[in-house]
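K.L.:
What follows is my_file.cif, mmCIF, C-alpha atoms.
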data_my_file
#
loop_
_atom_site.label_atom_id
_atom_site.label_comp_id
_atom_site.auth_asym_id
_atom_site.auth_seq_id
_atom_site.Cartn_x
_atom_site.Cartn_y
_atom_site.Cartn_z
CA MET E 1 71.45 56.53 160.39
CA LYS E 2 69.72 55.01 163.37
CA LEU E 3 66.31 55.49 164.89
CA ILE E 4 67.84 56.58 168.17
CA PRO E 5 70.39 59.24 167.19
CA GLY E 6 73.91 59.21 168.56
CA ARG E 7 75.85 62.41 169.18
CA GLY E 8 77.08 62.85 165.61
CA GLN E 9 73.72 62.04 164.13
CA SER E 10 71.99 64.49 166.48
CA ILE E 11 74.24 67.31 165.31
CA LEU E 12 73.73 66.28 161.69
CA GLU E 13 69.97 66.16 162.19
CA PHE E 14 70.06 69.54 163.86
CA GLY E 15 71.94 71.10 160.95
CA TYR E 16 69.70 69.51 158.36
CA GLY E 17 66.55 70.43 160.30
CA PHE E 18 67.72 74.04 160.65
CA VAL E 19 68.29 74.49 156.94
CA ARG E 20 65.11 72.70 155.95
CA ASP E 21 62.82 74.47 158.41
CA GLN E 22 64.37 77.95 158.37
CA ILE E 23 65.35 78.28 154.73
CA VAL E 24 63.69 75.75 152.46
CA VAL E 25 60.25 75.41 154.00
CA GLY E 26 60.36 78.92 155.43
CA ALA E 27 60.82 80.52 152.01
CA LEU E 28 59.28 78.01 149.62
CA GLY E 29 56.69 76.11 151.62
CA GLU E 30 56.32 72.34 151.89
CA LYS E 31 55.54 71.44 148.30
CA ASP E 32 58.02 73.53 146.31
CA GLY E 33 60.50 73.21 149.16
CA LYS E 34 60.77 69.49 148.54
CA ARG E 35 61.76 70.06 144.91
CA PHE E 36 64.58 72.47 145.67
CA GLU E 37 65.63 71.06 149.03
CA PRO E 38 68.60 69.00 147.72
CA LEU E 39 70.09 71.99 145.94
CA LEU E 40 69.58 74.46 148.78
CA ILE E 41 70.89 72.16 151.49
CA THR E 42 73.95 71.31 149.43
CA MET E 43 74.47 74.99 148.79
CA PHE E 44 74.27 75.92 152.46
CA PHE E 45 76.71 73.33 153.75
CA PHE E 46 79.06 73.83 150.81
CA ILE E 47 79.27 77.56 151.50
CA VAL E 48 79.71 77.00 155.24
CA GLY E 49 82.57 74.61 154.54
CA MET E 50 84.19 77.00 152.09
CA ASN E 51 83.80 79.98 154.43
CA ILE E 52 85.12 78.22 157.51
CA THR E 53 88.51 77.62 155.92
CA GLY E 54 89.17 81.32 156.49
CA ILE E 55 89.86 80.71 160.20
CA ILE E 56 91.64 77.37 159.94
CA PRO E 57 95.39 77.77 160.56
CA GLY E 58 97.45 76.67 157.55
CA ILE E 59 94.72 77.61 155.10
CA ASN E 60 93.83 81.08 156.41
CA LEU E 61 91.81 81.92 153.35
CA ALA E 62 88.17 81.25 152.79
CA GLY E 63 87.47 79.35 149.59
CA SER E 64 84.78 81.89 148.89
CA ALA E 65 87.19 84.82 149.37
CA THR E 66 88.35 84.33 145.80
CA ALA E 67 86.08 85.31 142.94
CA GLY E 68 85.63 81.88 141.32
CA LEU E 69 83.52 80.16 143.90
CA PRO E 70 80.95 82.95 144.50
CA ILE E 71 80.61 83.43 140.74
CA VAL E 72 79.81 79.77 140.21
CA LEU E 73 77.35 79.75 143.10
CA ALA E 74 75.65 82.94 141.92
CA LEU E 75 75.34 81.51 138.41
CA VAL E 76 73.82 78.32 139.82
CA ALA E 77 71.28 80.36 141.78
CA TYR E 78 70.55 82.50 138.69
CA VAL E 79 70.01 79.50 136.42
CA VAL E 80 67.89 77.73 139.02
CA PHE E 81 65.47 80.57 139.66
CA MET E 82 65.15 81.28 135.94
CA TYR E 83 64.54 77.59 135.31
CA ALA E 84 61.92 77.45 138.08
CA GLY E 85 60.11 80.50 136.70
CA ILE E 86 60.17 79.44 133.04
CA LYS E 87 59.02 75.93 133.89
CA LYS E 88 56.18 77.17 136.07
CA HIS E 89 55.01 79.95 133.69
CA PRO E 90 56.21 79.06 130.21
CA GLY E 91 56.05 82.20 128.12
CA ALA E 92 54.64 84.38 130.89
CA PHE E 93 57.67 84.41 133.18
CA PHE E 94 59.46 87.30 131.52
CA LYS E 95 56.24 89.20 131.03
CA ASN E 96 55.32 88.78 134.69
CA SER E 97 58.80 89.82 135.75
CA LEU E 98 59.18 92.81 133.46
CA PHE E 99 55.59 94.08 133.25
CA PRO E 100 54.07 93.70 136.70
CA SER E 101 50.27 93.78 136.54
CA GLY E 102 48.29 96.61 138.12
CA VAL E 103 50.68 99.30 136.87
CA PRO E 104 49.37 102.04 134.50
CA TRP E 105 51.03 101.46 131.15
CA PRO E 106 53.05 104.71 130.90
CA LEU E 107 54.84 103.70 134.07
CA TYR E 108 56.23 100.65 132.27
CA LEU E 109 58.73 103.06 130.71
CA ILE E 110 60.30 103.38 134.15
CA VAL E 111 59.28 100.14 135.83
CA THR E 112 60.40 97.70 133.16
CA PRO E 113 64.07 98.78 132.99
CA ILE E 114 64.21 98.85 136.79
CA GLU E 115 62.69 95.39 137.02
CA PHE E 116 65.02 94.10 134.34
CA ILE E 117 68.12 95.43 136.08
CA SER E 118 67.06 94.34 139.54
CA THR E 119 65.87 90.88 138.59
CA PHE E 120 68.18 89.75 135.84
CA LEU E 121 71.34 91.69 136.57
CA LEU E 122 71.49 92.77 140.20
CA ARG E 123 70.32 89.55 141.77
CA PRO E 124 73.23 87.37 140.63
CA ILE E 125 75.70 90.22 140.96
CA THR E 126 74.67 91.03 144.53
CA LEU E 127 74.78 87.35 145.46
CA PHE E 128 78.30 87.15 144.07
CA VAL E 129 79.59 90.41 145.53
CA ARG E 130 78.00 89.97 148.95
CA LEU E 131 79.58 86.58 149.58
CA LEU E 132 82.93 87.44 148.05
CA MET E 133 83.35 90.79 149.79
CA ASN E 134 82.25 89.50 153.19
CA MET E 135 84.90 86.81 153.05
CA VAL E 136 87.57 89.09 151.59
CA ALA E 137 86.90 91.71 154.26
CA GLY E 138 87.10 89.06 156.97
CA HIS E 139 90.34 87.78 155.56
CA MET E 140 91.75 91.29 155.40
CA LEU E 141 90.81 92.00 159.00
CA LEU E 142 92.42 88.81 160.22
CA VAL E 143 95.58 89.37 158.20
CA LEU E 144 95.78 92.93 159.47
CA CYS E 145 95.39 91.86 163.09
CA PHE E 146 97.84 88.98 162.86
CA SER E 147 100.49 90.85 160.89
CA ALA E 148 100.22 93.75 163.34
CA THR E 149 100.62 91.30 166.21
CA GLN E 150 103.71 89.84 164.59
CA PHE E 151 105.13 93.28 163.99
CA PHE E 152 104.48 94.58 167.51
CA PHE E 153 105.78 91.46 169.22
CA PHE E 154 108.98 91.03 167.24
CA SER E 155 109.91 94.36 165.64
CA THR E 156 109.22 97.00 168.31
CA ASP E 157 110.57 97.83 171.74
CA LEU E 158 108.82 97.40 175.02
CA PRO E 159 106.05 100.00 175.35
CA PHE E 160 104.87 99.20 171.82
CA THR E 161 105.19 95.44 172.26
CA LEU E 162 102.11 95.59 174.47
CA PHE E 163 100.03 96.68 171.49
CA GLY E 164 100.63 93.20 170.13
CA ALA E 165 98.45 91.74 172.88
CA GLY E 166 95.68 94.15 171.87
CA THR E 167 95.87 93.28 168.19
CA LEU E 168 95.97 89.59 169.04
CA ALA E 169 92.84 90.04 171.13
CA PHE E 170 91.23 91.77 168.15
CA GLY E 171 92.36 88.91 165.97
CA PHE E 172 90.72 86.46 168.35
CA VAL E 173 87.48 88.45 168.40
CA PHE E 174 87.45 88.64 164.61
CA THR E 175 88.12 84.92 164.40
CA LEU E 176 84.94 84.34 166.41
CA PHE E 177 83.22 86.92 164.25
CA GLU E 178 84.35 85.10 161.11
CA LEU E 179 82.91 81.90 162.54
CA LEU E 180 79.56 83.68 162.80
CA VAL E 181 79.92 85.34 159.38
CA ALA E 182 80.75 82.02 157.74
CA VAL E 183 77.41 80.57 158.83
CA LEU E 184 75.52 83.83 158.39
CA GLN E 185 76.68 84.39 154.81
CA ALA E 186 75.85 80.81 153.90
CA TYR E 187 72.41 81.37 155.42
CA VAL E 188 71.92 84.67 153.57
CA PHE E 189 73.06 83.28 150.24
CA THR E 190 70.90 80.17 150.48
CA TYR E 191 67.91 82.10 151.80
CA LEU E 192 68.09 84.66 149.00
CA THR E 193 68.32 81.88 146.42
CA ALA E 194 65.21 80.31 147.96
CA VAL E 195 63.41 83.65 147.91
CA TYR E 196 64.31 84.24 144.26
CA ILE E 197 62.96 80.80 143.39
CA GLN E 198 59.81 81.58 145.35
CA LEU E 199 59.35 84.89 143.53
CA ALA E 200 59.82 83.17 140.19
CA LEU E 201 57.22 80.55 141.14
CA ALA E 202 54.66 83.09 142.40
CA GLU E 203 51.71 83.80 140.11
CA GLU E 204 52.03 87.59 140.03
CA HIS E 205 54.81 89.86 141.10
CA MET X 1 108.67 101.47 163.06
CA LEU X 2 107.19 102.16 159.64
CA SER X 3 110.40 101.20 157.83
CA ALA X 4 110.49 97.91 159.75
CA LEU X 5 106.95 97.17 158.66
CA LEU X 6 107.79 97.92 155.04
CA ALA X 7 110.88 95.74 155.26
CA ALA X 8 108.79 92.89 156.60
CA ALA X 9 106.24 93.38 153.82
CA GLU X 10 108.99 93.39 151.20
CA GLU X 11 110.46 90.26 152.63
CA GLU X 12 107.10 88.55 152.35
CA ALA X 13 106.53 89.80 148.82
CA SER X 14 109.91 88.56 147.57
CA SER X 15 109.05 84.88 148.05
CA PRO X 16 105.34 84.52 147.36
CA ASN X 17 103.74 81.11 147.45
CA PRO X 18 100.03 81.41 146.67
CA LEU X 19 99.13 78.16 148.47
CA ILE X 20 100.92 78.73 151.76
CA PRO X 21 99.77 81.65 153.94
CA ALA X 22 102.25 83.99 155.57
CA VAL X 23 103.97 82.52 158.61
CA TYR X 24 102.59 85.13 161.00
CA ASP X 25 99.12 84.39 159.69
CA ILE X 26 99.46 80.72 160.50
CA ILE X 27 101.02 81.31 163.90
CA TRP X 28 98.53 83.83 165.26
CA SER X 29 95.48 82.20 163.78
CA ALA X 30 96.71 78.97 165.33
CA VAL X 31 96.82 80.77 168.68
CA CYS X 32 93.22 81.93 168.25
CA PHE X 33 92.24 78.49 167.01
CA ALA X 34 93.87 76.88 170.03
CA ILE X 35 91.96 79.20 172.40
CA ILE X 36 88.67 78.34 170.71
CA LEU X 37 89.58 74.66 170.68
CA VAL X 38 90.35 74.69 174.41
CA PHE X 39 87.05 76.41 175.11
CA PHE X 40 85.23 73.81 173.01
CA VAL X 41 86.96 70.83 174.59
CA TRP X 42 86.60 72.12 178.15
CA LYS X 43 83.21 73.75 178.16
CA PHE X 44 81.14 73.38 175.07
CA LEU X 45 81.62 69.73 174.12
CA PRO X 46 80.86 68.25 177.57
CA ALA X 47 77.70 70.32 177.79
CA ILE X 48 76.47 69.40 174.33
CA ARG X 49 77.49 65.79 174.85
CA LYS X 50 75.42 65.64 178.00
CA THR X 51 72.43 67.15 176.23
CA LEU X 52 72.71 64.87 173.23
CA ASP X 53 73.14 61.76 175.37
CA ALA X 54 70.17 62.77 177.49
CA ARG X 55 68.10 63.29 174.35
CA ALA X 56 69.16 59.91 172.92
CA GLU X 57 68.30 58.30 176.23
CA ALA X 58 64.94 60.03 176.35
CA ILE X 59 64.11 58.93 172.81
CA GLU X 60 65.28 55.41 173.55
CA GLY X 61 63.24 55.32 176.77
CA GLY X 62 60.18 56.66 174.95
CA ILE X 63 60.50 54.09 172.20
CA LYS X 64 61.00 51.29 174.71
CA LYS X 65 57.99 52.41 176.71
CA ALA X 66 55.86 52.53 173.58
CA GLU X 67 57.06 49.07 172.60
CA VAL X 68 56.19 47.67 176.03
CA ALA X 69 52.76 49.28 175.89
CA GLN X 70 52.20 47.88 172.41
CA ALA X 71 53.25 44.39 173.48
CA GLU X 72 50.90 44.60 176.46
CA ALA X 73 48.04 45.69 174.27
CA ALA X 74 48.73 42.88 171.83
CA ALA X 75 48.81 40.34 174.66
CA ALA X 76 45.52 41.65 176.04
CA LEU X 77 43.96 41.48 172.57
CA ALA X 78 45.13 37.89 172.09
CA GLN X 79 43.74 36.97 175.48
CA TYR X 80 40.37 38.53 174.68
CA GLN X 81 40.25 36.77 171.36
CA ASP X 82 41.05 33.46 173.04
CA GLN X 83 38.29 34.03 175.56
CA LEU X 84 35.87 34.96 172.83
CA ALA X 85 36.67 31.84 170.82
CA GLU X 86 36.33 29.74 173.95
CA GLY X 87 32.96 31.29 174.71
CA ARG X 88 31.78 30.72 171.16
CA ALA X 89 32.85 27.07 171.26
CA GLU X 90 31.08 26.60 174.55
CA ALA X 91 27.90 28.20 173.25
CA ALA X 92 27.98 25.93 170.18
CA LYS X 93 28.45 22.91 172.41
CA ILE X 94 25.51 23.90 174.61
CA ARG X 95 23.32 24.51 171.57
CA GLU X 96 24.25 21.14 170.11
CA GLN X 97 23.50 19.42 173.41
CA ALA X 98 20.12 21.17 173.67
CA ARG X 99 19.22 20.15 170.15
CA ALA X 100 20.12 16.52 170.87
CA ASP X 101 18.19 16.57 174.15
CA GLY X 102 15.13 18.06 172.46
CA GLY X 103 15.20 15.39 169.78
CA LYS X 104 15.47 12.70 172.39
CA ILE X 105 12.55 14.10 174.40
CA ILE X 106 10.35 14.37 171.34
CA ALA X 107 11.14 10.81 170.29
CA GLU X 108 10.38 9.57 173.80
CA LEU X 109 7.05 11.41 173.90
CA LYS X 110 6.11 10.07 170.47
CA GLU X 111 6.86 6.55 171.59
CA GLN X 112 4.87 6.99 174.79
CA ALA X 113 1.91 8.42 172.88
CA SER X 114 1.87 5.58 170.38
CA VAL X 115 2.09 3.00 173.19
CA GLU X 116 -0.77 4.69 174.99
CA ALA X 117 -2.86 4.80 171.81
CA ALA X 118 -2.22 1.13 171.17
CA ARG X 119 -3.17 0.31 174.75
CA ILE X 120 -6.42 2.31 174.53
CA THR X 121 -7.30 0.72 171.21
CA ALA X 122 -6.64 -2.75 172.55
CA ALA X 123 -8.79 -2.11 175.66
CA ALA X 124 -11.67 -0.75 173.58
CA GLN X 125 -11.53 -3.72 171.26
CA ALA X 126 -11.54 -6.15 174.19
CA GLN X 127 -14.54 -4.40 175.76
CA ILE X 128 -16.47 -4.43 172.49
CA GLU X 129 -15.68 -8.10 172.04
CA ALA X 130 -16.83 -8.88 175.60
CA GLU X 131 -20.06 -6.94 175.15
CA ARG X 132 -20.73 -8.68 171.86
CA GLN X 133 -20.19 -12.07 173.54
CA ALA X 134 -22.52 -11.11 176.39
CA ALA X 135 -25.20 -9.89 173.95
CA LEU X 136 -24.82 -13.03 171.91
CA THR X 137 -25.19 -15.26 174.95
CA SER X 138 -28.26 -13.44 176.35
CA LEU X 139 -29.88 -13.26 172.95
CA ARG X 140 -29.34 -16.91 172.35
CA ALA X 141 -31.02 -17.79 175.68
CA GLU X 142 -33.94 -15.35 175.17
CA VAL X 143 -34.55 -16.39 171.58
CA GLY X 144 -34.88 -19.98 172.70
CA SER X 145 -37.41 -19.30 175.44
CA LEU X 146 -39.34 -16.89 173.26
CA ALA X 147 -39.64 -19.40 170.47
CA ILE X 148 -40.86 -21.99 172.91
CA ASP X 149 -43.45 -19.51 174.36
CA LEU X 150 -44.65 -18.60 170.89
CA ALA X 151 -44.95 -22.20 169.83
CA SER X 152 -46.91 -23.18 172.95
CA GLY X 153 -49.28 -20.24 172.34
CA VAL X 154 -49.70 -21.29 168.73
CA ILE X 155 -50.44 -24.84 169.64
CA GLY X 156 -52.94 -23.81 172.41
CA GLN X 157 -55.19 -21.74 169.99
CA SER X 158 -56.95 -22.66 166.74
CA LEU X 159 -55.08 -21.45 163.78
CA SER X 160 -58.11 -21.50 161.40
CA ASP X 161 -59.06 -17.90 161.24
CA ASP X 162 -56.68 -15.18 160.59
CA LYS X 163 -58.17 -12.92 163.18
CA LYS X 164 -57.37 -15.26 165.98
CA ALA X 165 -53.83 -15.78 164.69
CA SER X 166 -53.08 -12.14 164.49
CA ALA X 167 -54.61 -11.51 167.90
CA LEU X 168 -52.37 -14.22 169.27
CA VAL X 169 -49.31 -12.69 167.80
CA ASP X 170 -50.34 -9.25 169.12
CA GLN X 171 -50.96 -10.64 172.57
CA PHE X 172 -47.62 -12.37 172.53
CA LEU X 173 -45.86 -9.22 171.63
CA SER X 174 -47.64 -7.19 174.29
CA ASP X 175 -46.83 -9.91 176.83
CA LEU X 176 -43.28 -9.69 175.75
CA GLU X 177 -43.35 -5.89 176.15
CA SER X 178 -44.95 -6.08 179.59
CA ASP X 179 -42.44 -8.77 180.54
CA GLU X 180 -39.61 -6.56 179.49
CA LYS X 181 -41.11 -3.67 181.40
CA ALA X 182 -41.43 -5.74 184.52
CA GLN X 183 -37.87 -6.96 184.01
CA ALA X 184 -36.66 -3.43 183.57
CA LYS X 185 -38.35 -2.49 186.86
#
Hey, can you dump this file as structure tokens for me?

P.N.:
Amino acid sequence: MKLIPGRGQSILEFGYGFVRDQIVVGALGEKDGKRFEPLLITMFFFIVGMNITGIIPGINLAGSATAGLPIVLALVAYVVFMYAGIKKHPGAFFKNSLFPSGVPWPLYLIVTPIEFISTFLLRPITLFVRLLMNMVAGHMLLVLCFSATQFFFFSTDLPFTLFGAGTLAFGFVFTLFELLVAVLQAYVFTYLTAVYIQLALAEEH
Amino acid sequence: MLSALLAAAEEEASSPNPLIPAVYDIIWSAVCFAIILVFFVWKFLPAIRKTLDARAEAIEGGIKKAEVAQAEAAAALAQYQDQLAEGRAEAAKIREQARADGGKIIAELKEQASVEAARITAAAQAQIEAERQAALTSLRAEVGSLAIDLASGVIGQSLSDDKKASALVDQFLSDLESDEKAQAK
């Protein structure tokens, strides 16, 4: 690290600055952001790295297109936002989450189960499923395009061979798209984790 | 067409290796990768390199400029401080000189005054002495002549009765007074 950044350091600084400003400080603010910054930045770049393998020839499968990695990441996010909430409001965290203030008490019969499902079940599950399915779908699309290309180029006669060029073009477009999705899903996952932490830290829900 | 596809799929399924992707996958993704790589190397990297180098240069230039400005400011400050110290030293010197001069002047004046006083005293004493001498001399001469006058008067008159004696003394004194008056005129 130098005072006057070289090319590599500039790119590194740009990436770090993007995550810190857009995700960490954007969702959590300066003070709480500093506490969770190491985790969130690690999370973002880890997911980007795992997603990008989906378009690298010879690997062709995103690390996060198998269930294990998204499950672990979702569990980490789950534990972290629960930890943040319980540490900030010992004893009151579950009450705040399940019995939001300002609601007439009969409504708790409906609100509390909904809050319970959405906060303690759906949050980790959606984190897990969103990342996994995005990467699986991307992988499927690429495999479809490339296998179709192979088939049209080498197993069909002339008029149909031309389709191969079309499917290859689609494969190229989806490769670019996967590049975008890799970063976008890392952003979404990290941002949602930050938002969950922020909600757990907030005084009232 | 469909049977060919199925045959290909079967062929793939018969020898599955979970770590190595299908050959077609590698080939065609490599083609896409190569296209993206070429685009990066030809277009994107030069542009971003230029930008990053320009930014580094700008930052470097800014830092250098700030350093130069800081050095200049420090030099100016040192110069001012030097001048200030010099001025203070000079002022102290002048003050010291003035104090010494003042002391000298006062001492000189004191000396002059004492000399003058001694001179005046000496002159007054000399005058007094001279006047005393003069008075002594004149008195001595007068007393002599007066005694002689008085004695001649005494001898010339009978000293039997007191009346005559006192009249003689009175006359002598009045003569003396008139003499003095005439002398004063």

K.L.:
Given the file shown, enumerate the residues that the PyMOL selection byres ((chain X) within 6 of (chain E)) captures and present them as a list of chain:residue names.

P.N.:
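Evaluating the PyMOL selection byres ((chain X) within 6 of (chain E)) on this file yields X:Asp25, X:Ile26, X:Trp28, X:Ser29, X:Ala30, X:Cys32, X:Leu52, X:Ala56.
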
K.L.:
Could you list, as an mmCIF file with C-alpha atoms, in the frame of the given file, every residue within 8 Å of region 19-29 of chain E, counting all atoms listed in the file and ignoring same-chain residues fewer than 2 positions away?

P.N.:
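around.cif written:
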data_model
loop_
_atom_site.group_PDB
_atom_site.id
_atom_site.type_symbol
_atom_site.label_atom_id
_atom_site.label_comp_id
_atom_site.auth_asym_id
_atom_site.auth_seq_id
_atom_site.Cartn_x
_atom_site.Cartn_y
_atom_site.Cartn_z
ATOM 1 C CA GLY E 15 71.940 71.100 160.950
ATOM 2 C CA TYR E 16 69.700 69.510 158.360
ATOM 3 C CA GLY E 17 66.550 70.430 160.300
ATOM 4 C CA LYS E 31 55.540 71.440 148.300
ATOM 5 C CA ASP E 32 58.020 73.530 146.310
ATOM 6 C CA GLY E 33 60.500 73.210 149.160
ATOM 7 C CA LYS E 34 60.770 69.490 148.540
ATOM 8 C CA PHE E 36 64.580 72.470 145.670
ATOM 9 C CA GLU E 37 65.630 71.060 149.030
ATOM 10 C CA LEU E 40 69.580 74.460 148.780
ATOM 11 C CA ILE E 41 70.890 72.160 151.490
ATOM 12 C CA PHE E 44 74.270 75.920 152.460
ATOM 13 C CA TYR E 187 72.410 81.370 155.420
ATOM 14 C CA THR E 190 70.900 80.170 150.480
ATOM 15 C CA TYR E 191 67.910 82.100 151.800
ATOM 16 C CA ALA E 194 65.210 80.310 147.960
ATOM 17 C CA VAL E 195 63.410 83.650 147.910
ATOM 18 C CA ILE E 197 62.960 80.800 143.390
ATOM 19 C CA GLN E 198 59.810 81.580 145.350
#

K.L.:
Can you tell me which residues surround Asp149 (chain X) at a distance of at most 12 Å, considering all atoms listed in the file, apart from same-chain residues fewer than 3 positions away, and format the answer as a ChimeraX atom specification?

P.N.:
/X:142-146,152-156,168-169,171-173,175-176

K.L.:
List the residues selected by the PyMOL selection byres ((chain E and resi 64) around 12) in the file shown, writing them as an NGL selection string.

P.N.:
:E and (46-54 or 60-63 or 65-74 or 127-139 or 182 or 185-186 or 189)

K.L.:
What box, with edges along x, y and z, holds each listed atom of region 55-61 of chain X when 3 Å is added on every side, and can you state its centre and edge lengths in Å to one decimal, as AutoDock Vina command-line options?

P.N.:
--center_x 66.2 --center_y 59.3 --center_z 174.8 --size_x 11.9 --size_y 14.0 --size_z 10.0

K.L.:
Could you jot down the CA of Glu178 (chain E) to CA of Val80 (chain E) separation for me, Å, one decimal place?

P.N.:
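A separation of 28.5 Å between them.
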
K.L.:
Find the residues around Phe93 (chain E) up to 12 Å (all atoms listed in the file counted), leave out those fewer than 4 positions away in its own chain, and share them as a PyMOL selection string.

P.N.:
chain E and resi 81-89+97-100+119+199-205

K.L.:
As an exercise, work out the distance from CA of Arg55 (chain X) to CA of Met1 (chain E) in Å and give it to one decimal place.

P.N.:
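Value for the CA of Arg55 (chain X)-CA of Met1 (chain E) distance: 15.9 Å.
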
K.L.:
Between CA of Glu177 (chain X) and CA of Leu150 (chain X), what is the distance, to one decimal in Å?

P.N.:
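So the answer is 13.8 Å.
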
K.L.:
Between E:Pro38, E:Pro124, E:Pro90, E:Gly164, single out the one closest to Thr193 (chain E), counting only C-alpha atoms.

P.N.:
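Nearest to Thr193 (chain E): E:Pro124.
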